[in-house]
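Okay, final.pdb is below, PDB, C-alpha atoms and all ligand atoms:
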ATOM      1  CA  MET V 812    -122.653  -9.486  38.349
ATOM      2  CA  SER V 813    -123.532  -6.081  39.776
ATOM      3  CA  SER V 814    -127.045  -5.379  41.040
ATOM      4  CA  GLN V 815    -129.912  -2.961  40.198
ATOM      5  CA  ALA V 816    -128.531  -1.295  37.065
ATOM      6  CA  ALA V 817    -129.182  -2.447  33.486
ATOM      7  CA  THR V 818    -125.533  -1.884  32.633
ATOM      8  CA  PRO V 819    -123.835  -3.111  29.436
ATOM      9  CA  GLU V 820    -121.992  -5.585  31.681
ATOM     10  CA  LEU V 821    -125.279  -7.000  32.986
ATOM     11  CA  LYS V 822    -126.676  -7.319  29.452
ATOM     12  CA  ALA V 823    -123.488  -9.034  28.295
ATOM     13  CA  TRP V 824    -123.717 -11.426  31.245
ATOM     14  CA  ILE V 825    -127.356 -12.270  30.401
ATOM     15  CA  ILE V 826    -126.394 -12.993  26.782
ATOM     16  CA  GLU V 827    -123.451 -15.104  27.926
ATOM     17  CA  GLN V 828    -125.773 -17.183  30.132
ATOM     18  CA  ALA V 829    -128.315 -17.647  27.342
ATOM     19  CA  SER V 830    -125.578 -18.603  24.858
ATOM     20  CA  ALA V 831    -124.429 -21.278  27.321
ATOM     21  CA  ASN V 832    -128.031 -22.594  27.295
ATOM     22  CA  ARG V 833    -128.591 -21.681  30.927
ATOM     23  CA  PRO V 834    -132.380 -21.710  31.473
ATOM     24  CA  ALA V 835    -133.947 -18.247  31.845
ATOM     25  CA  ASP V 836    -135.518 -19.161  35.204
ATOM     26  CA  GLU V 837    -132.029 -19.928  36.577
ATOM     27  CA  VAL V 838    -130.688 -16.619  35.283
ATOM     28  CA  LEU V 839    -133.635 -14.836  36.884
ATOM     29  CA  ALA V 840    -133.001 -16.681  40.165
ATOM     30  CA  ALA V 841    -129.350 -15.568  40.116
ATOM     31  CA  MET V 842    -130.428 -11.945  39.619
ATOM     32  CA  LEU V 843    -132.900 -12.167  42.518
ATOM     33  CA  GLU V 844    -130.146 -13.698  44.648
ATOM     34  CA  SER V 845    -127.960 -10.659  44.000
ATOM     35  CA  GLY V 846    -130.679  -8.276  45.118
ATOM     36  CA  TRP V 847    -132.752  -7.545  42.005
ATOM     37  CA  ASN V 848    -136.425  -6.795  42.317
ATOM     38  CA  GLU V 849    -138.301  -9.587  40.511
ATOM     39  CA  ASP V 850    -140.368  -7.445  38.098
ATOM     40  CA  ALA V 851    -137.375  -5.313  37.145
ATOM     41  CA  ALA V 852    -135.158  -8.392  36.648
ATOM     42  CA  ALA V 853    -137.767 -10.170  34.496
ATOM     43  CA  ALA V 854    -138.208  -7.040  32.357
ATOM     44  CA  ILE V 855    -134.477  -6.507  31.729
ATOM     45  CA  LEU V 856    -133.991 -10.212  31.039
ATOM     46  CA  GLU V 857    -136.781 -10.308  28.478
ATOM     47  CA  ALA V 858    -135.766  -7.047  26.790
ATOM     48  CA  THR V 859    -132.101  -8.089  26.569
ATOM     49  CA  LEU V 860    -132.872 -11.505  25.118
ATOM     50  CA  THR V 861    -135.469 -10.156  22.645
ATOM     51  CA  THR V 862    -133.005  -7.563  21.341
ATOM     52  CA  HIS V 863    -130.251 -10.165  21.113
ATOM     53  CA  VAL V 864    -132.418 -12.658  19.186
ATOM     54  CA  ALA V 865    -133.562  -9.881  16.798
ATOM     55  CA  ALA V 866    -129.923  -8.932  16.116
ATOM     56  CA  LEU V 867    -128.914 -12.556  15.477
ATOM     57  CA  THR V 868    -131.885 -12.995  13.114
ATOM     58  CA  ALA V 869    -131.084  -9.778  11.224
ATOM     59  CA  SER V 870    -127.472 -10.870  10.746
ATOM     60  CA  GLY V 871    -128.519 -14.302   9.427
ATOM     61  CA  LYS V 872    -127.137 -16.181  12.448
ATOM     62  CA  LEU V 873    -130.653 -17.399  13.298
ATOM     63  CA  PRO V 874    -133.242 -18.606  10.773
ATOM     64  CA  PRO V 875    -135.988 -16.068  10.032
ATOM     65  CA  VAL V 876    -139.429 -16.375  11.590
ATOM     66  CA  VAL V 877    -142.089 -17.718   9.190
ATOM     67  CA  ALA V 878    -145.904 -17.863   9.258
ATOM     68  CA  VAL V 879    -147.377 -20.867  11.072
ATOM     69  CA  PRO V 880    -150.914 -22.219  11.481
ATOM     70  CA  ASP V 881    -152.735 -20.895  14.523
ATOM     71  CA  PRO V 882    -156.115 -22.314  15.461
ATOM     72  CA  LEU V 883    -156.853 -19.401  17.837
ATOM     73  CA  PRO V 884    -155.606 -16.225  16.132
ATOM     74  CA  HIS V 885    -158.210 -14.020  17.805
ATOM     75  CA  GLY V 886    -157.983 -15.269  21.377
ATOM     76  CA  THR V 887    -158.842 -18.394  23.273
ATOM     77  CA  ARG V 888    -162.373 -19.755  23.131
ATOM     78  CA  ALA V 889    -164.015 -22.897  24.459
ATOM     79  CA  THR V 890    -165.120 -24.379  21.137
ATOM     80  CA  LEU V 891    -164.111 -24.177  17.474
ATOM     81  CA  TRP V 892    -166.068 -25.246  14.409
ATOM     82  CA  ALA V 893    -163.801 -27.458  12.294
ATOM     83  CA  GLY V 894    -165.968 -27.670   9.164
ATOM     84  CA  ASP V 895    -167.949 -30.772  10.110
ATOM     85  CA  ARG V 896    -167.527 -31.023  13.869
ATOM     86  CA  GLU V 897    -167.253 -28.906  17.011
ATOM     87  CA  VAL V 898    -163.899 -29.242  18.714
ATOM     88  CA  THR V 899    -163.194 -28.092  22.276
ATOM     89  CA  VAL V 900    -160.156 -26.112  23.427
ATOM     90  CA  ILE V 901    -158.808 -27.636  26.626
ATOM     91  CA  VAL V 902    -155.489 -25.800  27.037
ATOM     92  CA  SER V 903    -153.798 -22.986  25.134
ATOM     93  CA  LEU V 904    -150.166 -22.083  25.847
ATOM     94  CA  ALA V 905    -148.379 -19.167  24.163
ATOM     95  CA  GLU V 906    -144.686 -20.137  24.482
ATOM     96  CA  PRO V 907    -144.177 -22.716  23.184
ATOM     97  CA  ARG V 908    -147.368 -22.499  21.153
ATOM     98  CA  VAL V 909    -149.369 -25.533  22.264
ATOM     99  CA  VAL V 910    -153.121 -26.114  22.042
ATOM    100  CA  VAL V 911    -154.829 -29.232  23.395
ATOM    101  CA  PHE V 912    -158.089 -30.103  21.622
ATOM    102  CA  GLY V 913    -160.944 -32.305  22.771
ATOM    103  CA  ASN V 914    -163.303 -34.183  20.492
ATOM    104  CA  LEU V 915    -161.247 -33.731  17.311
ATOM    105  CA  LEU V 916    -161.898 -37.338  16.217
ATOM    106  CA  SER V 917    -164.911 -39.546  16.930
ATOM    107  CA  GLY V 918    -164.411 -42.927  18.599
ATOM    108  CA  GLU V 919    -165.387 -44.640  15.329
ATOM    109  CA  GLU V 920    -162.821 -42.630  13.361
ATOM    110  CA  CYS V 921    -160.088 -43.588  15.838
ATOM    111  CA  ASP V 922    -161.026 -47.278  15.594
ATOM    112  CA  GLU V 923    -161.153 -47.150  11.796
ATOM    113  CA  ILE V 924    -157.688 -45.587  11.484
ATOM    114  CA  ILE V 925    -156.232 -48.171  13.879
ATOM    115  CA  ALA V 926    -157.802 -50.996  11.864
ATOM    116  CA  LEU V 927    -156.574 -49.591   8.526
ATOM    117  CA  ALA V 928    -153.043 -48.932   9.840
ATOM    118  CA  GLY V 929    -152.689 -52.143  11.814
ATOM    119  CA  THR V 930    -151.811 -54.371   8.888
ATOM    120  CA  ARG V 931    -149.073 -52.019   7.656
ATOM    121  CA  LEU V 932    -147.139 -51.348  10.852
ATOM    122  CA  ALA V 933    -143.373 -51.674  10.858
ATOM    123  CA  ARG V 934    -140.700 -50.569  13.333
ATOM    124  CA  SER V 935    -140.744 -46.762  13.138
ATOM    125  CA  GLU V 936    -138.338 -44.990  10.869
ATOM    126  CA  THR V 937    -137.470 -41.316  10.977
ATOM    127  CA  VAL V 938    -136.082 -39.179   8.193
ATOM    128  CA  GLN V 939    -132.313 -39.237   8.464
ATOM    129  CA  THR V 940    -131.398 -35.616   7.893
ATOM    130  CA  ALA V 941    -127.767 -36.472   7.147
ATOM    131  CA  THR V 942    -128.795 -38.106   3.862
ATOM    132  CA  GLY V 943    -132.561 -37.555   3.449
ATOM    133  CA  ALA V 944    -133.142 -41.338   3.670
ATOM    134  CA  THR V 945    -135.228 -42.997   6.378
ATOM    135  CA  GLU V 946    -133.737 -45.170   9.103
ATOM    136  CA  VAL V 947    -134.805 -47.187  12.140
ATOM    137  CA  ASN V 948    -134.328 -44.871  15.093
ATOM    138  CA  GLU V 949    -133.423 -46.122  18.576
ATOM    139  CA  ALA V 950    -135.059 -43.017  20.083
ATOM    140  CA  ARG V 951    -138.427 -44.195  18.810
ATOM    141  CA  THR V 952    -139.398 -47.673  19.960
ATOM    142  CA  SER V 953    -142.912 -47.547  18.497
ATOM    143  CA  GLN V 954    -144.165 -49.138  15.284
ATOM    144  CA  GLY V 955    -145.452 -46.890  12.530
ATOM    145  CA  MET V 956    -146.760 -46.335   9.021
ATOM    146  CA  PHE V 957    -147.729 -43.438   6.749
ATOM    147  CA  PHE V 958    -150.977 -43.073   4.842
ATOM    148  CA  ASP V 959    -150.904 -41.103   1.613
ATOM    149  CA  ARG V 960    -152.909 -37.917   1.889
ATOM    150  CA  GLY V 961    -156.564 -38.739   1.171
ATOM    151  CA  GLU V 962    -155.792 -42.455   0.912
ATOM    152  CA  HIS V 963    -159.090 -43.520   2.541
ATOM    153  CA  PRO V 964    -162.353 -41.609   2.953
ATOM    154  CA  VAL V 965    -161.706 -41.400   6.717
ATOM    155  CA  CYS V 966    -158.238 -39.888   6.095
ATOM    156  CA  LYS V 967    -159.690 -37.361   3.673
ATOM    157  CA  ARG V 968    -162.488 -36.338   6.060
ATOM    158  CA  ILE V 969    -160.066 -35.884   8.961
ATOM    159  CA  GLU V 970    -157.563 -33.973   6.840
ATOM    160  CA  LEU V 971    -160.246 -31.528   5.691
ATOM    161  CA  ARG V 972    -161.300 -31.079   9.327
ATOM    162  CA  MET V 973    -157.708 -30.388  10.392
ATOM    163  CA  ALA V 974    -157.258 -27.881   7.555
ATOM    164  CA  ALA V 975    -160.441 -26.063   8.674
ATOM    165  CA  LEU V 976    -159.411 -26.147  12.341
ATOM    166  CA  LEU V 977    -155.922 -24.836  11.710
ATOM    167  CA  ASN V 978    -156.771 -22.593   8.771
ATOM    168  CA  TRP V 979    -153.912 -24.170   6.808
ATOM    169  CA  PRO V 980    -154.269 -25.658   3.305
ATOM    170  CA  VAL V 981    -154.877 -29.396   3.142
ATOM    171  CA  GLU V 982    -152.207 -29.524   0.372
ATOM    172  CA  ASN V 983    -149.580 -28.335   2.885
ATOM    173  CA  GLY V 984    -150.101 -31.402   5.072
ATOM    174  CA  GLU V 985    -148.115 -34.623   4.957
ATOM    175  CA  GLY V 986    -150.102 -37.860   4.949
ATOM    176  CA  LEU V 987    -151.157 -39.062   8.397
ATOM    177  CA  GLN V 988    -148.523 -41.021  10.284
ATOM    178  CA  VAL V 989    -149.826 -43.688  12.675
ATOM    179  CA  LEU V 990    -147.695 -44.903  15.600
ATOM    180  CA  ARG V 991    -148.345 -47.779  17.975
ATOM    181  CA  TYR V 992    -146.466 -47.910  21.267
ATOM    182  CA  GLY V 993    -146.524 -51.131  23.296
ATOM    183  CA  PRO V 994    -145.631 -51.284  27.003
ATOM    184  CA  GLY V 995    -142.234 -49.648  27.559
ATOM    185  CA  ALA V 996    -142.166 -47.984  24.125
ATOM    186  CA  GLU V 997    -141.410 -44.277  23.961
ATOM    187  CA  TYR V 998    -140.343 -41.471  21.666
ATOM    188  CA  LYS V 999    -137.444 -39.572  23.206
ATOM    189  CA  PRO V1000    -137.643 -35.748  23.147
ATOM    190  CA  HIS V1001    -136.936 -34.259  19.724
ATOM    191  CA  TYR V1002    -137.923 -31.452  17.385
ATOM    192  CA  ASP V1003    -140.218 -32.186  14.444
ATOM    193  CA  TYR V1004    -138.612 -29.622  12.090
ATOM    194  CA  PHE V1005    -135.717 -30.663   9.872
ATOM    195  CA  ASP V1006    -132.330 -29.585  11.221
ATOM    196  CA  PRO V1007    -130.953 -26.873   8.884
ATOM    197  CA  ASP V1008    -127.390 -27.984   9.684
ATOM    198  CA  GLN V1009    -127.859 -31.509   8.325
ATOM    199  CA  ALA V1010    -126.651 -32.263   4.816
ATOM    200  CA  GLY V1011    -129.867 -33.991   3.698
ATOM    201  CA  THR V1012    -132.198 -31.168   4.751
ATOM    202  CA  PRO V1013    -132.129 -29.109   1.502
ATOM    203  CA  THR V1014    -133.310 -32.204  -0.423
ATOM    204  CA  ILE V1015    -136.132 -32.828   2.078
ATOM    205  CA  LEU V1016    -137.207 -29.171   1.923
ATOM    206  CA  LYS V1017    -137.669 -29.263  -1.872
ATOM    207  CA  ARG V1018    -141.003 -30.983  -1.249
ATOM    208  CA  GLY V1019    -143.154 -28.561   0.757
ATOM    209  CA  GLY V1020    -140.477 -26.634   2.682
ATOM    210  CA  GLN V1021    -140.070 -26.872   6.446
ATOM    211  CA  ARG V1022    -142.487 -28.444   8.868
ATOM    212  CA  VAL V1023    -144.064 -25.599  10.837
ATOM    213  CA  ALA V1024    -146.566 -27.406  13.078
ATOM    214  CA  SER V1025    -147.608 -30.838  14.367
ATOM    215  CA  LEU V1026    -150.997 -32.205  15.373
ATOM    216  CA  VAL V1027    -150.723 -35.442  17.377
ATOM    217  CA  CYS V1028    -154.119 -37.170  17.668
ATOM    218  CA  TYR V1029    -154.771 -39.824  20.306
ATOM    219  CA  LEU V1030    -156.517 -42.857  18.834
ATOM    220  CA  ASN V1031    -156.933 -44.651  22.170
ATOM    221  CA  THR V1032    -156.472 -44.055  25.890
ATOM    222  CA  PRO V1033    -153.466 -45.950  27.309
ATOM    223  CA  THR V1034    -154.056 -47.474  30.736
ATOM    224  CA  LEU V1035    -150.982 -45.754  32.224
ATOM    225  CA  GLY V1036    -148.219 -43.514  30.856
ATOM    226  CA  GLY V1037    -147.668 -42.353  27.275
ATOM    227  CA  ALA V1038    -148.099 -38.585  27.800
ATOM    228  CA  THR V1039    -146.814 -36.206  25.157
ATOM    229  CA  VAL V1040    -144.247 -34.161  27.074
ATOM    230  CA  PHE V1041    -142.748 -30.695  26.500
ATOM    231  CA  PRO V1042    -139.624 -30.749  28.711
ATOM    232  CA  ASP V1043    -138.727 -27.052  28.262
ATOM    233  CA  VAL V1044    -141.929 -26.032  30.023
ATOM    234  CA  LYS V1045    -142.482 -29.247  32.007
ATOM    235  CA  LEU V1046    -145.880 -29.794  30.365
ATOM    236  CA  ASP V1047    -147.389 -33.287  30.086
ATOM    237  CA  VAL V1048    -150.414 -33.822  27.835
ATOM    238  CA  ALA V1049    -152.327 -36.942  28.863
ATOM    239  CA  PRO V1050    -153.431 -39.066  25.901
ATOM    240  CA  LEU V1051    -157.219 -39.416  25.670
ATOM    241  CA  LYS V1052    -159.006 -41.067  22.758
ATOM    242  CA  GLY V1053    -160.300 -38.468  20.267
ATOM    243  CA  ASN V1054    -158.213 -35.593  21.725
ATOM    244  CA  ALA V1055    -155.187 -34.027  20.060
ATOM    245  CA  VAL V1056    -152.239 -31.788  20.872
ATOM    246  CA  PHE V1057    -151.205 -29.088  18.402
ATOM    247  CA  PHE V1058    -147.883 -27.266  18.539
ATOM    248  CA  SER V1059    -146.128 -24.943  16.109
ATOM    249  CA  TYR V1060    -142.559 -23.764  15.571
ATOM    250  CA  ASP V1061    -141.999 -20.564  13.587
ATOM    251  CA  ARG V1062    -138.347 -21.323  12.817
ATOM    252  CA  PRO V1063    -136.262 -24.487  12.881
ATOM    253  CA  HIS V1064    -134.550 -23.623  16.163
ATOM    254  CA  PRO V1065    -134.700 -24.673  19.856
ATOM    255  CA  LEU V1066    -135.745 -21.084  20.660
ATOM    256  CA  THR V1067    -139.257 -22.236  19.723
ATOM    257  CA  ARG V1068    -139.129 -24.462  22.825
ATOM    258  CA  SER V1069    -141.021 -27.072  20.785
ATOM    259  CA  LEU V1070    -138.907 -29.924  22.157
ATOM    260  CA  HIS V1071    -141.373 -32.753  22.828
ATOM    261  CA  GLY V1072    -141.453 -36.499  23.317
ATOM    262  CA  GLY V1073    -143.701 -39.464  23.967
ATOM    263  CA  ALA V1074    -143.212 -40.694  27.551
ATOM    264  CA  PRO V1075    -142.945 -44.474  27.976
ATOM    265  CA  VAL V1076    -146.208 -46.387  27.978
ATOM    266  CA  ILE V1077    -146.369 -48.095  31.364
ATOM    267  CA  GLU V1078    -149.478 -50.213  30.910
ATOM    268  CA  GLY V1079    -151.619 -50.953  27.871
ATOM    269  CA  GLU V1080    -150.770 -49.554  24.452
ATOM    270  CA  LYS V1081    -150.878 -46.139  22.830
ATOM    271  CA  TRP V1082    -151.925 -45.275  19.279
ATOM    272  CA  VAL V1083    -151.496 -41.822  17.727
ATOM    273  CA  ALA V1084    -151.984 -40.287  14.296
ATOM    274  CA  THR V1085    -149.683 -37.336  13.585
ATOM    275  CA  LYS V1086    -150.295 -34.685  10.943
ATOM    276  CA  TRP V1087    -147.302 -32.528  10.061
ATOM    277  CA  LEU V1088    -147.944 -29.193   8.400
ATOM    278  CA  ARG V1089    -145.472 -27.796   5.895
ATOM    279  CA  GLN V1090    -144.819 -24.212   4.853
ATOM    280  CA  GLY V1091    -145.799 -24.920   1.257
ATOM    281  CA  ARG V1092    -147.593 -27.545  -0.842
ATOM    282  CA  PHE V1093    -146.495 -31.092  -0.108
ATOM    283  CA  ASP V1094    -147.252 -32.789  -3.454
TER
HETATM  284  O1  LIG U   1    -146.876 -40.048  20.490
HETATM  285  C1  LIG U   1    -146.515 -38.963  20.924
HETATM  286  O2  LIG U   1    -146.952 -38.493  21.980
HETATM  287  C2  LIG U   1    -145.496 -38.206  20.151
HETATM  288  C3  LIG U   1    -144.501 -37.580  20.833
HETATM  289  C4  LIG U   1    -143.549 -36.904  20.111
HETATM  290  C5  LIG U   1    -145.530 -38.156  18.779
HETATM  291  C6  LIG U   1    -144.549 -37.426  18.123
HETATM  292  N1  LIG U   1    -143.578 -36.805  18.781
HETATM  293  C7  LIG U   1    -144.509 -37.292  16.659
HETATM  294  O3  LIG U   1    -145.308 -37.973  15.981
HETATM  295  O4  LIG U   1    -143.692 -36.494  16.169
HETATM  296 ZN    ZN U   2    -142.519 -35.404  17.377
END
Translate this file's structure into structure tokens.
Amino acid sequence: MSSQAATPELKAWIIEQASANRPADEVLAAMLESGWNEDAAAAILEATLTTHVAALTASGKLPPVVAVPDPLPHGTRATLWAGDREVTVIVSLAEPRVVVFGNLLSGEECDEIIALAGTRLARSETVQTATGATEVNEARTSQGMFFDRGEHPVCKRIELRMAALLNWPVENGEGLQVLRYGPGAEYKPHYDYFDPDQAGTPTILKRGGQRVASLVCYLNTPTLGGATVFPDVKLDVAPLKGNAVFFSYDRPHPLTRSLHGGAPVIEGEKWVATKWLRQGRFD
């Protein structure tokens, strides 16, 4: 790699590195090593990658960007009115889009969902995108269940609150999924969207289209462990009863950096309720 000139060779090298999944901070470090000024290197890196991604999208090699819910379209603020309750904004991250909320659910609501879900828990299944069927997944050692949308008054109230908070129609939401993790249980890093390359995905997408965002609500506070982690940006969200973490993904692709997982619970147990938002009506 030559230094200090944004030559076609340099741009080609940057694209080669990105195509080999080399992290951008490593590529930047290599440029600094060879004598680049940091601001200039960051600018050429960003411009080259943005242009490259736009070209791949235009040629159909990357899925197009779609609209996603955004709870803070006009800038970060400390509180949001969610229809029947004031919710606090604890953290807002642009890339990946992540917002941590406080006070989304009351303690009583958390307890009620746990009690209603408790009798219906089974070893968690995930949708098997190869066939569209569900299967027990070794990457997820929690137990889980799904409520139908609006199945109980507490589900309905929470779903309306989430729709108000995220400005996304309640009809575009899947029913709440409740997971219980015992000590040692975890959910290995994954993406919540359906993989476009899997054979079962077109069938899954007939009902509501792609998932475009997730809202993971903490129903209790584990004694130790159980963070929701975003490995691409080394972000850990500590689970706290009544809080929630929102994240969106505007195309079904790792470029969204929405890779996330549930770190092992070390002590105590962890309960979450996840709401997935679809592009269209999920009827
Ligand atoms: O429980 C979590 O923190 C977690 C982590 C990753 C939940 C989900 N994914 C999910 O419900 O998709
Ligand atoms: Zn997930």
Item to complete: Residues up to 9 Å from ligand ZN 2 (chain U), counting all atoms listed in the file: could you list those as a PyMOL selection string?
Response: chain V and resi 998-1004+1025+1027+1039+1070-1073+1085
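Nearest to ligand LIG 1 (chain U) of all the residues V:Gly955, V:Pro874, V:Pro1063, V:Gly984 is V:Gly955, based on only C-alpha atoms and all ligand atoms.
If you measure from each of V:Gly918, V:Gly1053, V:Gly1079, V:Gly1037 to ligand LIG 1 (chain U) using only C-alpha atoms and all ligand atoms, the closest one turns out to be V:Gly1037.
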Practice prompt. Carefully work through the PyMOL selection byres (((chain V and resi 879) around 9) and not hetatm) for this structure and note down the residues it includes, as a PyMOL selection string.
Written response: chain V and resi 877-878+880-881+979+1023-1024+1059-1061+1088-1090
Practice prompt. For the structure shown, which residues end up in the PyMOL selection byres (((chain V and resi 828) around 12) and not hetatm)? Put them as a list in words, please?
Written response: Met812, Leu821, Lys822, Ala823, Trp824, Ile825, Ile826, Glu827, Ala829, Ser830, Ala831, Asn832, Arg833, Pro834, Ala835, Asp836, Glu837, Val838, Leu839, Ala841, Met842, Leu856, Thr859 and Leu860 of chain V
Fill in: d(CA of Gly894 in chain V, CA of Val1056 in chain V) in Å
18.5 Å
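The shortest atom-to-atom distance to ligand LIG 1 (chain U), with all atoms listed in the file taken into account, belongs to V:Glu985 out of V:Glu920, V:Glu985, V:Asp959, V:Glu906.
With CA of Asp1094 in chain V on one side and CA of Gly1011 in chain V on the other, the separation reads 18.8 Å.
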Ligand LIG 1 (chain U), all listed atoms, 6 Å padding on each side: what axis-aligned box centre and edge lengths in Å to one decimal come out, as AutoDock Vina command-line options?
--center_x -145.3 --center_y -38.3 --center_z 19.0 --size_x 15.4 --size_y 15.6 --size_z 18.0
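Selection by the PyMOL selection byres (((chain V and resi 1080) around 8) and not hetatm) on the present file picks out Arg991, Tyr992, Gly993, Pro994, Pro1033, Thr1034, Val1076, Glu1078, Gly1079, Lys1081 and Trp1082 of chain V.
Of the listed residues (V:Leu1066, V:Leu971, V:Ala926, V:Leu976), V:Leu1066 comes nearest to Pro875 in chain V; the distances count all atoms listed in the file.
Distance-wise, CA of Phe1005 in chain V and CA of Lys872 in chain V end up 17.0 Å apart.
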